[in-house]
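*Asks:* Contents are compact mmCIF, C-alpha atoms; file name target_16.txt:
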# COMPACT_ATOMS: atom_id res chain seq x y z
CA LEU U 1 0.00 0.00 0.00
CA VAL U 2 2.84 2.41 0.84
CA PRO U 3 4.55 1.98 -2.58
CA LEU U 4 1.25 2.64 -4.37
CA CYS U 5 0.65 5.82 -2.33
CA PHE U 6 4.21 6.97 -3.05
CA ILE U 7 3.76 6.46 -6.82
CA LEU U 8 0.43 8.31 -6.78
CA ALA U 9 1.95 11.19 -4.78
CA VAL U 10 4.89 11.52 -7.17
CA GLY U 11 2.53 11.45 -10.17
CA ALA U 12 0.29 14.12 -8.61
CA ALA U 13 3.31 16.32 -7.80
CA ASN U 14 4.50 16.01 -11.40
CA GLU U 15 1.05 17.01 -12.73
CA ILE U 16 0.99 20.06 -10.43
CA ARG U 17 4.45 21.10 -11.63
CA GLU U 18 3.44 20.72 -15.32
CA ASP U 19 0.22 22.72 -14.76
CA PHE U 20 2.21 25.49 -13.07
CA HIS U 21 4.68 25.70 -15.97
CA ARG U 22 1.87 25.61 -18.57
CA HIS U 23 0.06 28.41 -16.73
CA ARG U 24 3.24 30.49 -16.64
CA TRP U 25 3.95 29.97 -20.39
CA ASP U 26 0.30 30.74 -21.28
CA LYS U 27 0.53 34.00 -19.34
CA ILE U 28 3.70 34.96 -21.24
CA ALA U 29 2.17 34.03 -24.62
CA ASN U 30 -1.08 35.90 -23.90
CA SER U 31 0.79 39.07 -22.90
CA ARG U 32 2.75 39.31 -26.18
CA PRO U 33 1.97 42.46 -28.15
CA CYS U 34 0.06 42.21 -31.46
CA HIS U 35 -0.72 44.80 -34.10
CA CYS U 36 -4.41 44.85 -35.04
CA VAL U 37 -6.17 46.77 -37.83
CA ARG U 38 -9.17 48.69 -36.48
CA ASN U 39 -11.01 51.49 -38.27
CA GLY U 40 -8.12 52.03 -40.69
CA ASP U 41 -5.47 52.28 -37.98
CA LEU U 42 -2.94 49.89 -36.48
CA ILE U 43 -3.40 49.52 -32.75
CA ASP U 44 -1.35 47.51 -30.29
CA ILE U 45 -3.20 44.85 -28.30
CA THR U 46 -2.12 41.76 -26.39
CA ALA U 47 -2.46 38.25 -27.80
CA ALA U 48 -5.16 37.58 -25.19
CA ASP U 49 -7.35 40.24 -26.89
CA VAL U 50 -7.08 38.73 -30.39
CA ARG U 51 -10.46 37.52 -31.69
CA VAL U 52 -11.59 35.51 -34.72
CA GLY U 53 -12.06 37.88 -37.67
CA ALA U 54 -9.45 40.39 -36.49
CA ILE U 55 -6.91 41.49 -39.08
CA LEU U 56 -3.37 41.38 -37.70
CA GLN U 57 -0.15 42.85 -38.98
CA ILE U 58 2.72 40.48 -38.21
CA ARG U 59 6.23 41.86 -38.50
CA GLU U 60 9.50 40.08 -39.24
CA GLY U 61 10.76 38.11 -36.26
CA GLU U 62 7.39 38.12 -34.48
CA GLU U 63 5.63 34.98 -33.38
CA ILE U 64 2.17 34.58 -34.88
CA ALA U 65 -0.43 34.98 -32.11
CA ALA U 66 -3.31 33.03 -33.70
CA ASP U 67 -4.01 30.82 -36.70
CA CYS U 68 -4.47 33.29 -39.58
CA VAL U 69 -5.27 33.22 -43.27
CA LEU U 70 -2.67 35.27 -45.14
CA LEU U 71 -4.14 38.31 -46.91
CA SER U 72 -1.10 40.20 -48.18
CA SER U 73 2.64 40.53 -47.78
CA SER U 74 5.21 43.31 -48.00
CA ASN U 75 6.78 41.33 -50.87
CA THR U 76 5.41 42.44 -54.23
CA ASP U 77 4.68 38.87 -55.32
CA GLY U 78 2.61 38.22 -52.17
CA THR U 79 4.94 35.61 -50.72
CA CYS U 80 6.18 35.38 -47.18
CA TYR U 81 8.24 32.91 -45.20
CA VAL U 82 7.50 31.37 -41.83
CA SER U 83 9.60 29.26 -39.52
CA THR U 84 7.63 26.43 -37.94
CA ALA U 85 10.53 25.22 -35.79
CA ASN U 86 8.42 25.73 -32.63
CA LEU U 87 5.73 23.44 -34.06
CA ASP U 88 7.45 20.67 -36.02
CA GLY U 89 11.17 21.18 -35.40
CA GLU U 90 11.95 22.00 -39.03
CA ALA U 91 14.38 24.91 -39.27
CA ALA U 92 13.91 25.62 -43.00
CA PRO U 93 11.50 28.51 -43.69
CA LYS U 94 8.27 27.58 -45.45
CA ALA U 95 6.83 29.75 -48.21
CA ARG U 96 3.28 31.06 -47.98
CA VAL U 97 1.43 32.87 -50.77
CA SER U 98 -1.26 35.56 -50.54
CA PRO U 99 -4.53 34.88 -52.36
CA HIS U 100 -4.63 36.71 -55.69
CA ALA U 101 -7.75 38.66 -54.66
CA THR U 102 -6.05 40.33 -51.67
CA LEU U 103 -2.47 40.41 -52.93
CA LYS U 104 -2.34 44.18 -53.47
CA ILE U 105 -4.17 45.27 -50.31
CA LYS U 106 -1.28 46.58 -48.24
CA SER U 107 -2.56 49.38 -46.01
CA PRO U 108 -4.65 49.32 -42.83
CA GLN U 109 -7.05 51.79 -44.45
CA ALA U 110 -7.68 49.52 -47.46
CA LEU U 111 -8.01 46.45 -45.23
CA SER U 112 -10.63 48.24 -43.12
CA THR U 113 -12.82 48.81 -46.17
CA MET U 114 -12.61 45.17 -47.25
CA ARG U 115 -15.85 43.22 -46.71
CA GLY U 116 -16.18 39.47 -46.74
CA VAL U 117 -16.54 36.17 -44.92
CA VAL U 118 -13.94 33.48 -44.26
CA SER U 119 -15.20 29.90 -44.05
CA CYS U 120 -12.89 27.06 -43.09
CA GLU U 121 -12.90 23.51 -41.86
CA PRO U 122 -13.07 22.95 -38.10
CA ALA U 123 -9.76 23.26 -36.26
CA ASN U 124 -7.68 20.09 -36.38
CA SER U 125 -4.23 18.94 -35.27
CA SER U 126 -2.74 18.70 -38.78
CA LEU U 127 0.04 21.20 -39.47
CA TYR U 128 0.01 20.52 -43.21
CA HIS U 129 -3.67 20.45 -44.16
CA PHE U 130 -6.11 23.33 -44.33
CA GLN U 131 -9.08 23.97 -46.60
CA GLY U 132 -11.40 26.91 -46.75
CA HIS U 133 -12.56 29.83 -48.81
CA PHE U 134 -13.42 33.43 -48.39
CA ARG U 135 -16.14 35.43 -50.01
CA LEU U 136 -15.00 38.94 -50.80
CA TYR U 137 -17.39 41.72 -51.77
CA ASP U 138 -16.54 43.15 -55.18
CA PRO U 139 -18.03 46.68 -55.36
CA SER U 140 -17.56 46.88 -59.15
CA GLN U 141 -19.79 43.82 -59.65
CA LYS U 142 -21.91 44.48 -56.56
CA GLU U 143 -21.66 40.86 -55.46
CA PHE U 144 -19.51 38.49 -53.44
CA THR U 145 -16.84 36.45 -55.20
CA GLN U 146 -15.53 33.22 -53.71
CA HIS U 147 -11.80 32.49 -53.43
CA PRO U 148 -10.29 29.20 -52.21
CA VAL U 149 -7.61 29.15 -49.52
CA GLY U 150 -5.44 26.23 -48.46
CA ASP U 151 -2.41 25.33 -46.42
CA LYS U 152 -0.21 27.68 -48.51
CA GLN U 153 -2.21 30.63 -47.15
CA MET U 154 -2.26 29.46 -43.52
CA LEU U 155 -0.10 31.12 -40.87
CA LEU U 156 -0.04 28.88 -37.81
CA ARG U 157 -0.02 30.11 -34.21
CA GLY U 158 3.45 29.72 -32.74
CA SER U 159 5.30 29.98 -36.05
CA LYS U 160 7.53 32.97 -36.71
CA LEU U 161 7.64 35.36 -39.68
CA VAL U 162 11.11 35.37 -41.31
CA ASN U 163 12.68 37.01 -44.38
CA THR U 164 9.58 39.19 -44.87
CA GLU U 165 9.09 42.73 -43.55
CA TYR U 166 5.40 42.28 -42.64
CA VAL U 167 2.20 40.46 -43.55
CA TYR U 168 -1.49 40.95 -42.92
CA GLY U 169 -3.63 38.01 -41.91
CA ILE U 170 -7.18 37.46 -40.75
CA VAL U 171 -7.65 35.33 -37.63
CA ALA U 172 -9.40 32.08 -38.52
CA TYR U 173 -9.20 30.16 -35.22
Could I get this file's structure written as C-alpha cells?
*Replies:*
Amino acid sequence: LVPLCFILAVGAANEIREDFHRHRWDKIANSRPCHCVRNGDLIDITAADVRVGAILQIREGEEIAADCVLLSSSNTDGTCYVSTANLDGEAAPKARVSPHATLKIKSPQALSTMRGVVSCEPANSSLYHFQGHFRLYDPSQKEFTQHPVGDKQMLLRGSKLVNTEYVYGIVAY
C-alpha cells in the first residue's frame, strides 16, 4: 500500500508542476503584443485580446499569435516565409502565398474597407492540411466572389515570420 501511495503522490506532484509551468507559459504568450487593424489604424493589443475575424499585422521576427489566413505581404509577389521550428522542429523557412484577390491590399485603411466572410474547416491537429474559402465583396460587380484558400495561405499560431518585412492576416481560429 505504501509503494502505491508513493507512486500516486509523485505522479500528482508532477502534474501540479506541469500545470504550473503551462500556466506560466500561457501567461507569457497571452501578454505578447500584437498589431491589429481597427477602423483604418494599427493599434497595439495583447495576444489575449485577439479575436476571430481580427486582421493582424505580423512583423518580421514576431511569433504569430493566432491561426491566420494570409491576406497580403510586404513582398510584391505576395509571398512570405515562416519558420515552424516551434511546431514541427523544421528549421527551414516555409513559403506562404497571398490569395490573388487580396495580394495588393497593403494598407490598414484599405483592409478596413474590405468586406467578406472566411469559411474554413473545423480546427484540427494537422500542421500541413487546411481547406477553406473566403467570399469577398466586389463593389464593381456588386456581389460576393468566392476564393479558395489552403495550407499555402495558412499562418499557424506559434510559427515565426522570417525574411519578410510584414504580412497581414485574418484570424481564422
*Asks:* Looking at U:Asp41, U:Asp49, U:Asp138, U:Glu18, which one is nearest to Ser112 of chain U, with distances taken over all atoms listed in the file?
*Replies:*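 Of the candidates, the smallest distance to Ser112 of chain U is held by U:Asp41.
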*Asks:* Calculate how many Å separate atom CA of Pro148 of chain U from atom CA of Phe134 of chain U, rounding to one decimal.
*Replies:*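 For atom CA of Pro148 of chain U relative to atom CA of Phe134 of chain U, the distance reads 6.5 Å.
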*Asks:* Excluding Leu103 of chain U and any residue of its chain fewer than 3 positions from it, enumerate the residues within 8 Å of it, using all atoms listed in the file, and give them as a VMD selection string.
*Replies:* chain U and resid 71 to 73 77 to 78 98 to 100 106
*Asks:* Please compute the atom CA of Ala110 of chain U-atom CA of Gly40 of chain U distance, one decimal, in Å.
*Replies:*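 So the two atoms, atom CA of Ala110 of chain U and atom CA of Gly40 of chain U, lie 7.2 Å apart.
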*Asks:* Extract, using all atoms listed in the file, all DNA, RNA and protein residues at most 10 Å from Pro139 of chain U, discarding same-chain residues fewer than 4 positions from it, and format them as a PDB file with C-alpha atoms, keeping the file's coordinate frame.
*Replies:*
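Final output, saved to selection-v7.pdb:
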ATOM      1  CA  MET U 114     -12.610  45.170 -47.250  1.00  0.00           C
ATOM      2  CA  ARG U 115     -15.850  43.220 -46.710  1.00  0.00           C
ATOM      3  CA  GLU U 143     -21.660  40.860 -55.460  1.00  0.00           C
ATOM      4  CA  PHE U 144     -19.510  38.490 -53.440  1.00  0.00           C
TER       5      PHE U 144
END
*Asks:* For Ala48 of chain U, work out the shell of residues within 9 Å, counting all atoms listed in the file and skipping chain neighbours fewer than 5 positions away, then give it as a PyMOL selection string.
*Replies:* chain U and resi 27+29-32+65
*Asks:* Extending 4 Å beyond the listed atoms of segment 65-74 of chain U on each side, what axis-aligned box results? I want centre and edge lengths in Å to one decimal, as JSON.
*Replies:*
{"center_x": 0.0, "center_y": 37.1, "center_z": -40.1, "size_x": 18.5, "size_y": 20.5, "size_z": 24.1}
*Asks:* Could you list, as a VMD selection string, every residue within 7 Å of segment 81-85 of chain U, counting only C-alpha atoms and ignoring same-chain residues fewer than 6 positions away?
*Replies:* chain U and resid 91 to 96 159 to 164
*Asks:* Which residue is closest to Gly150 of chain U? Choose from U:Glu165, U:Glu121, U:Asp19, U:Asp44 and count all atoms listed in the file.
*Replies:* U:Glu121
*Asks:* Given the point (-7.4, 49.0, -35.2) in the coordinates of this file, which residues lie within 9 Å, counting all atoms listed in the file, and how would they look as number ranges by chain?
*Replies:* U: 35-44, 54-56, 108, 112
*Asks:* Write a file of the selected residues as a PDB file, in the frame of the given file, keeping C-alpha atoms.
*Replies:*
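Result file follows (part-v9.pdb):
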ATOM      1  CA  HIS U  35      -0.720  44.800 -34.100  1.00  0.00           C
ATOM      2  CA  CYS U  36      -4.410  44.850 -35.040  1.00  0.00           C
ATOM      3  CA  VAL U  37      -6.170  46.770 -37.830  1.00  0.00           C
ATOM      4  CA  ARG U  38      -9.170  48.690 -36.480  1.00  0.00           C
ATOM      5  CA  ASN U  39     -11.010  51.490 -38.270  1.00  0.00           C
ATOM      6  CA  GLY U  40      -8.120  52.030 -40.690  1.00  0.00           C
ATOM      7  CA  ASP U  41      -5.470  52.280 -37.980  1.00  0.00           C
ATOM      8  CA  LEU U  42      -2.940  49.890 -36.480  1.00  0.00           C
ATOM      9  CA  ILE U  43      -3.400  49.520 -32.750  1.00  0.00           C
ATOM     10  CA  ASP U  44      -1.350  47.510 -30.290  1.00  0.00           C
ATOM     11  CA  ALA U  54      -9.450  40.390 -36.490  1.00  0.00           C
ATOM     12  CA  ILE U  55      -6.910  41.490 -39.080  1.00  0.00           C
ATOM     13  CA  LEU U  56      -3.370  41.380 -37.700  1.00  0.00           C
ATOM     14  CA  PRO U 108      -4.650  49.320 -42.830  1.00  0.00           C
ATOM     15  CA  SER U 112     -10.630  48.240 -43.120  1.00  0.00           C
TER      16      SER U 112
END
*Asks:* In Å, with one decimal, what is the gap from atom CA of Ala47 of chain U to atom CA of Met154 of chain U?
*Replies:*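 Pair atom CA of Ala47 of chain U / atom CA of Met154 of chain U returns 18.0 Å.
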*Asks:* Using only C-alpha atoms, find the one residue out of U:Gly89, U:Pro122, U:Gly53, U:Gly11 that sits nearest to Cys68 of chain U.
*Replies:*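 When distances to Cys68 of chain U are compared using only C-alpha atoms, the smallest one comes from U:Gly53.
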*Asks:* Using only C-alpha atoms, find the one residue out of U:Ser119, U:Thr145, U:Gln57, U:Thr79 that sits nearest to His133 of chain U.
*Replies:*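 Comparing U:Ser119, U:Thr145, U:Gln57, U:Thr79 against His133 of chain U, the winner is U:Ser119.
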*Asks:* Give me the residues near Ala123 of chain U as a PDB file with C-alpha atoms, keeping the file's coordinate frame, where near means some atom within 10 Å (using all atoms listed in the file) and where sequence neighbours in that chain fewer than 4 positions away do not count.
*Replies:*
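Saved file out.pdb follows:
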ATOM      1  CA  ASP U  67      -4.010  30.820 -36.700  1.00  0.00           C
ATOM      2  CA  PHE U 130      -6.110  23.330 -44.330  1.00  0.00           C
ATOM      3  CA  ALA U 172      -9.400  32.080 -38.520  1.00  0.00           C
ATOM      4  CA  TYR U 173      -9.200  30.160 -35.220  1.00  0.00           C
TER       5      TYR U 173
END
*Asks:* Select, from U:Ala66, U:Leu87, U:Val171, U:Cys80, the residue with the minimum atom-to-atom distance to Val117 of chain U, counting only C-alpha atoms.
*Replies:*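 For Val117 of chain U, the nearest of the candidates is U:Val171.
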*Asks:* Just checking: using all atoms listed in the file, which residue out of U:Leu156, U:Ile16, U:Ile64, U:Leu70 ends up closest to Asn124 of chain U?
*Replies:*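 Of U:Leu156, U:Ile16, U:Ile64, U:Leu70, the one nearest Asn124 of chain U is U:Leu156, counting all atoms listed in the file.
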*Asks:* Output segment 15-26 of chain U with all heavy atoms present, as a PDB file, keeping the file's coordinate frame.
*Replies:*
ATOM      1  N   GLU U  15       2.160  16.338 -12.044  1.00  0.00           N
ATOM      2  CA  GLU U  15       1.050  17.010 -12.730  1.00  0.00           C
ATOM      3  C   GLU U  15       0.921  18.467 -12.269  1.00  0.00           C
ATOM      4  O   GLU U  15       0.694  19.369 -13.075  1.00  0.00           O
ATOM      5  CB  GLU U  15      -0.263  16.266 -12.479  1.00  0.00           C
ATOM      6  CG  GLU U  15      -0.371  14.929 -13.160  1.00  0.00           C
ATOM      7  CD  GLU U  15      -0.476  15.045 -14.668  1.00  0.00           C
ATOM      8  OE1 GLU U  15      -1.082  16.019 -15.157  1.00  0.00           O
ATOM      9  OE2 GLU U  15       0.060  14.154 -15.360  1.00  0.00           O
ATOM     10  N   ILE U  16       1.061  18.692 -10.974  1.00  0.00           N
ATOM     11  CA  ILE U  16       0.990  20.060 -10.430  1.00  0.00           C
ATOM     12  C   ILE U  16       2.106  20.915 -11.008  1.00  0.00           C
ATOM     13  O   ILE U  16       1.884  22.063 -11.414  1.00  0.00           O
ATOM     14  CB  ILE U  16       1.033  20.027  -8.884  1.00  0.00           C
ATOM     15  CG1 ILE U  16      -0.263  19.431  -8.334  1.00  0.00           C
ATOM     16  CG2 ILE U  16       1.278  21.418  -8.316  1.00  0.00           C
ATOM     17  CD1 ILE U  16      -0.223  19.112  -6.851  1.00  0.00           C
ATOM     18  N   ARG U  17       3.314  20.360 -11.075  1.00  0.00           N
ATOM     19  CA  ARG U  17       4.450  21.100 -11.630  1.00  0.00           C
ATOM     20  C   ARG U  17       4.210  21.449 -13.103  1.00  0.00           C
ATOM     21  O   ARG U  17       4.438  22.581 -13.529  1.00  0.00           O
ATOM     22  CB  ARG U  17       5.731  20.269 -11.483  1.00  0.00           C
ATOM     23  CG  ARG U  17       6.997  20.975 -11.960  1.00  0.00           C
ATOM     24  CD  ARG U  17       8.227  20.082 -11.861  1.00  0.00           C
ATOM     25  NE  ARG U  17       8.111  18.852 -12.622  1.00  0.00           N
ATOM     26  CZ  ARG U  17       8.329  18.757 -13.942  1.00  0.00           C
ATOM     27  NH1 ARG U  17       8.671  19.819 -14.617  1.00  0.00           N
ATOM     28  NH2 ARG U  17       8.216  17.603 -14.564  1.00  0.00           N
ATOM     29  N   GLU U  18       3.719  20.477 -13.896  1.00  0.00           N
ATOM     30  CA  GLU U  18       3.440  20.720 -15.320  1.00  0.00           C
ATOM     31  C   GLU U  18       2.350  21.773 -15.497  1.00  0.00           C
ATOM     32  O   GLU U  18       2.449  22.640 -16.370  1.00  0.00           O
ATOM     33  CB  GLU U  18       3.048  19.422 -16.012  1.00  0.00           C
ATOM     34  CG  GLU U  18       4.205  18.480 -16.223  1.00  0.00           C
ATOM     35  CD  GLU U  18       3.776  17.152 -16.830  1.00  0.00           C
ATOM     36  OE1 GLU U  18       2.583  16.985 -17.148  1.00  0.00           O
ATOM     37  OE2 GLU U  18       4.656  16.280 -16.985  1.00  0.00           O
ATOM     38  N   ASP U  19       1.294  21.724 -14.682  1.00  0.00           N
ATOM     39  CA  ASP U  19       0.220  22.720 -14.760  1.00  0.00           C
ATOM     40  C   ASP U  19       0.749  24.116 -14.436  1.00  0.00           C
ATOM     41  O   ASP U  19       0.371  25.095 -15.084  1.00  0.00           O
ATOM     42  CB  ASP U  19      -0.921  22.379 -13.812  1.00  0.00           C
ATOM     43  CG  ASP U  19      -1.780  21.237 -14.311  1.00  0.00           C
ATOM     44  OD1 ASP U  19      -1.649  20.862 -15.498  1.00  0.00           O
ATOM     45  OD2 ASP U  19      -2.599  20.719 -13.527  1.00  0.00           O
ATOM     46  N   PHE U  20       1.627  24.198 -13.442  1.00  0.00           N
ATOM     47  CA  PHE U  20       2.210  25.490 -13.070  1.00  0.00           C
ATOM     48  C   PHE U  20       3.017  26.062 -14.227  1.00  0.00           C
ATOM     49  O   PHE U  20       2.879  27.234 -14.573  1.00  0.00           O
ATOM     50  CB  PHE U  20       3.089  25.321 -11.825  1.00  0.00           C
ATOM     51  CG  PHE U  20       3.842  26.564 -11.468  1.00  0.00           C
ATOM     52  CD1 PHE U  20       3.193  27.635 -10.878  1.00  0.00           C
ATOM     53  CD2 PHE U  20       5.204  26.676 -11.739  1.00  0.00           C
ATOM     54  CE1 PHE U  20       3.885  28.790 -10.561  1.00  0.00           C
ATOM     55  CE2 PHE U  20       5.901  27.824 -11.417  1.00  0.00           C
ATOM     56  CZ  PHE U  20       5.237  28.885 -10.829  1.00  0.00           C
ATOM     57  N   HIS U  21       3.861  25.227 -14.843  1.00  0.00           N
ATOM     58  CA  HIS U  21       4.680  25.700 -15.970  1.00  0.00           C
ATOM     59  C   HIS U  21       3.807  26.075 -17.163  1.00  0.00           C
ATOM     60  O   HIS U  21       4.062  27.079 -17.830  1.00  0.00           O
ATOM     61  CB  HIS U  21       5.714  24.652 -16.371  1.00  0.00           C
ATOM     62  CG  HIS U  21       6.836  24.527 -15.399  1.00  0.00           C
ATOM     63  ND1 HIS U  21       7.717  25.534 -15.141  1.00  0.00           N
ATOM     64  CD2 HIS U  21       7.208  23.505 -14.598  1.00  0.00           C
ATOM     65  CE1 HIS U  21       8.592  25.163 -14.239  1.00  0.00           C
ATOM     66  NE2 HIS U  21       8.302  23.916 -13.877  1.00  0.00           N
ATOM     67  N   ARG U  22       2.783  25.306 -17.459  1.00  0.00           N
ATOM     68  CA  ARG U  22       1.870  25.610 -18.570  1.00  0.00           C
ATOM     69  C   ARG U  22       1.155  26.940 -18.317  1.00  0.00           C
ATOM     70  O   ARG U  22       1.032  27.767 -19.210  1.00  0.00           O
ATOM     71  CB  ARG U  22       0.857  24.476 -18.740  1.00  0.00           C
ATOM     72  CG  ARG U  22       0.054  24.581 -20.013  1.00  0.00           C
ATOM     73  CD  ARG U  22      -0.866  23.386 -20.245  1.00  0.00           C
ATOM     74  NE  ARG U  22      -0.184  22.112 -20.086  1.00  0.00           N
ATOM     75  CZ  ARG U  22      -0.479  21.209 -19.159  1.00  0.00           C
ATOM     76  NH1 ARG U  22      -1.435  21.428 -18.276  1.00  0.00           N
ATOM     77  NH2 ARG U  22       0.178  20.067 -19.098  1.00  0.00           N
ATOM     78  N   HIS U  23       0.720  27.151 -17.082  1.00  0.00           N
ATOM     79  CA  HIS U  23       0.060  28.410 -16.730  1.00  0.00           C
ATOM     80  C   HIS U  23       1.006  29.592 -16.924  1.00  0.00           C
ATOM     81  O   HIS U  23       0.619  30.635 -17.459  1.00  0.00           O
ATOM     82  CB  HIS U  23      -0.441  28.348 -15.279  1.00  0.00           C
ATOM     83  CG  HIS U  23      -1.025  29.628 -14.784  1.00  0.00           C
ATOM     84  ND1 HIS U  23      -2.248  30.097 -15.201  1.00  0.00           N
ATOM     85  CD2 HIS U  23      -0.535  30.555 -13.929  1.00  0.00           C
ATOM     86  CE1 HIS U  23      -2.497  31.248 -14.612  1.00  0.00           C
ATOM     87  NE2 HIS U  23      -1.470  31.551 -13.835  1.00  0.00           N
ATOM     88  N   ARG U  24       2.252  29.414 -16.502  1.00  0.00           N
ATOM     89  CA  ARG U  24       3.240  30.490 -16.640  1.00  0.00           C
ATOM     90  C   ARG U  24       3.510  30.801 -18.123  1.00  0.00           C
ATOM     91  O   ARG U  24       3.558  31.959 -18.524  1.00  0.00           O
ATOM     92  CB  ARG U  24       4.525  30.111 -15.925  1.00  0.00           C
ATOM     93  CG  ARG U  24       5.436  31.301 -15.716  1.00  0.00           C
ATOM     94  CD  ARG U  24       6.523  30.990 -14.754  1.00  0.00           C
ATOM     95  NE  ARG U  24       7.453  30.056 -15.390  1.00  0.00           N
ATOM     96  CZ  ARG U  24       8.460  29.474 -14.768  1.00  0.00           C
ATOM     97  NH1 ARG U  24       8.654  29.683 -13.491  1.00  0.00           N
ATOM     98  NH2 ARG U  24       9.266  28.671 -15.414  1.00  0.00           N
ATOM     99  N   TRP U  25       3.684  29.760 -18.966  1.00  0.00           N
ATOM    100  CA  TRP U  25       3.950  29.970 -20.390  1.00  0.00           C
ATOM    101  C   TRP U  25       2.728  30.568 -21.092  1.00  0.00           C
ATOM    102  O   TRP U  25       2.872  31.405 -21.991  1.00  0.00           O
ATOM    103  CB  TRP U  25       4.392  28.684 -21.071  1.00  0.00           C
ATOM    104  CG  TRP U  25       5.800  28.334 -20.719  1.00  0.00           C
ATOM    105  CD1 TRP U  25       6.214  27.256 -20.002  1.00  0.00           C
ATOM    106  CD2 TRP U  25       6.977  29.087 -21.029  1.00  0.00           C
ATOM    107  NE1 TRP U  25       7.587  27.290 -19.839  1.00  0.00           N
ATOM    108  CE2 TRP U  25       8.078  28.404 -20.473  1.00  0.00           C
ATOM    109  CE3 TRP U  25       7.209  30.279 -21.709  1.00  0.00           C
ATOM    110  CZ2 TRP U  25       9.379  28.864 -20.578  1.00  0.00           C
ATOM    111  CZ3 TRP U  25       8.523  30.732 -21.816  1.00  0.00           C
ATOM    112  CH2 TRP U  25       9.578  30.032 -21.256  1.00  0.00           C
ATOM    113  N   ASP U  26       1.520  30.155 -20.698  1.00  0.00           N
ATOM    114  CA  ASP U  26       0.300  30.740 -21.280  1.00  0.00           C
ATOM    115  C   ASP U  26       0.212  32.226 -20.954  1.00  0.00           C
ATOM    116  O   ASP U  26      -0.170  33.034 -21.803  1.00  0.00           O
ATOM    117  CB  ASP U  26      -0.952  30.028 -20.762  1.00  0.00           C
ATOM    118  CG  ASP U  26      -1.158  28.668 -21.387  1.00  0.00           C
ATOM    119  OD1 ASP U  26      -0.471  28.354 -22.387  1.00  0.00           O
ATOM    120  OD2 ASP U  26      -2.008  27.907 -20.872  1.00  0.00           O
TER     121      ASP U  26
END
